[in-house]
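Student: What follows is a structure written as structure tokens; I'll ask about it next.
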Amino acid sequence: MTNPLMTRRQWLFGACCLSLGMSSCVSSETIEPVAIDMEAYPRDANEALARLIQGNQRFMADKPHHFHEKSSWRSLLVNAQKPYATVVGCSDSRVPPELIFDVGFGDLFTVRLAGNIIEEDVIGSLQYAVAHLHTHLVIVLGHEGCGAVTATVEEMLNKAEEPKHIESLIKSIKPGLSKLDLKQDRESLLRAAVEANVRWSMKQLLALPEAKRAIQERHVVLLGAVYELNTGQVRFLD
Ligand SMILES: [Zn+2]
């Protein structure tokens, strides 16, 4: 269990010592005189979530702090990482998790594929994040205007067909959109489809015994969210 009073700088310094085989460590002050962000490591998923929401609010207000970008911080990450949340997002160039949550290097473990789909290698990456890096918070992050979701809706409406490998994405997304009312207006339909796709990804994760156990035992909190392109807001789903 992570010591809640331990800053990540201390944790990372300890990890560096371990990786270097050092039996004891002098104060980290002696090797890292440069002032860097000394925020405490979040104690649980709630604290991690609060930090991300605050970061998103700074981002929306055009007042980002740009924490954890300087070389002094990056040097602490050379031998170890201790991200406090995992994001399963889309590859879309307009939705980079670190920017929209105003966080920096080492803060998030991210897995990005078009349409924030769940497939075997995504699950493997998530298992690594939870089992080895011990991130307590996992967010499935969809977004407005998602091309993969739009292509899936188009196929459902018009039977249009995409090239083979894009079809593979559509095949992953389509089951989650099966209950949508395809007769509603296009804007509402696409909005509903993005949200349904996030819930579908979450459902697939929740079907995994390992994930179910981790959530039941409260090691991990799984949340869904949608990033709004216009406002920059990350809207968490109920
Ligand atoms: Zn997308």
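All residue names refer to the structure tokens as shown: chains lettered A, B, ... in order, residues numbered from 1 in each chain, ligands numbered from 1 in order.
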Find the spatial neighbours of Pro42 (chain A), counting only C-alpha atoms, within a cut-off of 7 Å - ignore same-chain residues fewer than 3 positions away - and output them as a list of chain:residue names.
Tutor: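 Contacts, in chain order: A:Glu47, A:Ala48, A:Tyr84.
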Student: Just the residues within 8 Å of Thr110 (chain A), please, counting only C-alpha atoms, with nothing from its chain fewer than 5 positions along; format it as a PyMOL selection string.
Tutor: chain A and resi 86-89+97
Student: Can you pull out every residue with an atom within 9 Å of ligand 1? Use only C-alpha atoms and all ligand atoms and format it as number ranges by chain.
Tutor: A: 89-95, 113-116, 142-150, 194
Student: Store the residues picked out above, limited to N, CA and C atoms, as a compact mmCIF listing (two decimals), in the first residue's frame.
Tutor:
# COMPACT_ATOMS: atom_id res chain seq x y z
N GLY A 89 -8.34 5.60 -24.14
CA GLY A 89 -8.91 6.65 -24.97
C GLY A 89 -8.82 6.34 -26.45
N CYS A 90 -9.23 7.33 -27.24
CA CYS A 90 -9.19 7.22 -28.69
C CYS A 90 -7.89 7.83 -29.22
N SER A 91 -7.48 7.38 -30.40
CA SER A 91 -6.24 7.90 -31.00
C SER A 91 -6.40 9.32 -31.55
N ASP A 92 -7.61 9.81 -31.58
CA ASP A 92 -7.90 11.11 -32.19
C ASP A 92 -6.91 12.19 -31.70
N SER A 93 -6.37 12.92 -32.67
CA SER A 93 -5.34 13.92 -32.36
C SER A 93 -5.87 15.08 -31.52
N ARG A 94 -7.18 15.19 -31.43
CA ARG A 94 -7.77 16.30 -30.66
C ARG A 94 -8.03 15.94 -29.21
N VAL A 95 -7.67 14.72 -28.82
CA VAL A 95 -8.01 14.27 -27.47
C VAL A 95 -6.80 13.66 -26.75
N LEU A 113 -6.56 3.60 -28.80
CA LEU A 113 -6.88 3.02 -30.10
C LEU A 113 -8.11 3.74 -30.62
N ALA A 114 -8.24 3.85 -31.94
CA ALA A 114 -9.40 4.53 -32.51
C ALA A 114 -10.68 3.94 -31.94
N GLY A 115 -11.57 4.82 -31.48
CA GLY A 115 -12.85 4.36 -30.94
C GLY A 115 -12.76 3.82 -29.52
N ASN A 116 -11.64 4.07 -28.85
CA ASN A 116 -11.42 3.52 -27.49
C ASN A 116 -11.99 2.11 -27.35
N GLY A 142 -14.26 8.49 -24.16
CA GLY A 142 -14.69 8.70 -25.54
C GLY A 142 -14.70 10.18 -25.84
N HIS A 143 -15.11 10.53 -27.04
CA HIS A 143 -15.14 11.97 -27.36
C HIS A 143 -16.14 12.28 -28.46
N GLU A 144 -16.61 13.51 -28.41
CA GLU A 144 -17.48 14.04 -29.47
C GLU A 144 -16.78 13.93 -30.81
N GLY A 145 -17.53 13.66 -31.85
CA GLY A 145 -16.96 13.67 -33.19
C GLY A 145 -16.00 12.52 -33.46
N CYS A 146 -16.19 11.41 -32.75
CA CYS A 146 -15.28 10.28 -32.92
C CYS A 146 -15.48 9.63 -34.31
N GLY A 147 -14.42 9.61 -35.11
CA GLY A 147 -14.52 9.08 -36.47
C GLY A 147 -14.87 7.60 -36.51
N ALA A 148 -14.32 6.84 -35.58
CA ALA A 148 -14.59 5.40 -35.57
C ALA A 148 -16.05 5.12 -35.23
N VAL A 149 -16.59 5.89 -34.29
CA VAL A 149 -17.99 5.72 -33.91
C VAL A 149 -18.88 6.20 -35.06
N THR A 150 -18.51 7.31 -35.68
CA THR A 150 -19.29 7.84 -36.81
C THR A 150 -19.32 6.83 -37.96
N VAL A 194 -21.61 7.88 -29.19
CA VAL A 194 -20.32 8.05 -28.49
C VAL A 194 -20.46 7.57 -27.04
Student: Would you please give, as a PyMOL selection string, all residues of region 36-220 of chain A that DSSP assigns to strand (DSSP E or B) based on the backbone?
Tutor: chain A and resi 40+85-89+108-112+137-143
Student: Restricting the output to C-alpha atoms, write the selected residues as a short mmCIF file (atom, residue, chain, number, x, y, z; two decimals), in the first residue's frame.
Tutor:
data_model
loop_
_atom_site.label_atom_id
_atom_site.label_comp_id
_atom_site.auth_asym_id
_atom_site.auth_seq_id
_atom_site.Cartn_x
_atom_site.Cartn_y
_atom_site.Cartn_z
CA ALA A 40 1.47 14.04 -2.78
CA ALA A 85 -4.61 6.87 -13.27
CA THR A 86 -5.09 4.88 -16.44
CA VAL A 87 -6.95 6.25 -19.45
CA VAL A 88 -8.37 4.10 -22.24
CA GLY A 89 -8.91 6.65 -24.97
CA LEU A 108 -1.16 8.84 -16.67
CA PHE A 109 -0.86 5.39 -18.15
CA THR A 110 -2.66 5.70 -21.47
CA VAL A 111 -3.95 3.12 -23.92
CA ARG A 112 -5.21 4.68 -27.14
CA LEU A 137 -8.50 4.76 -11.28
CA VAL A 138 -9.31 3.60 -14.82
CA ILE A 139 -11.19 5.96 -17.15
CA VAL A 140 -12.68 4.98 -20.49
CA LEU A 141 -12.62 8.26 -22.40
CA GLY A 142 -14.69 8.70 -25.54
CA HIS A 143 -15.14 11.97 -27.36
#
Student: What separation in Å, quoted to one decimal, exists between CA of Tyr227 (chain A) and CA of Val103 (chain A)?
Tutor: 15.8 Å
Student: What is the CA of Leu133 (chain A) to CA of Glu210 (chain A) distance in Å?
Tutor: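 Answer for the CA of Leu133 (chain A) to CA of Glu210 (chain A) separation: 15.4 Å.
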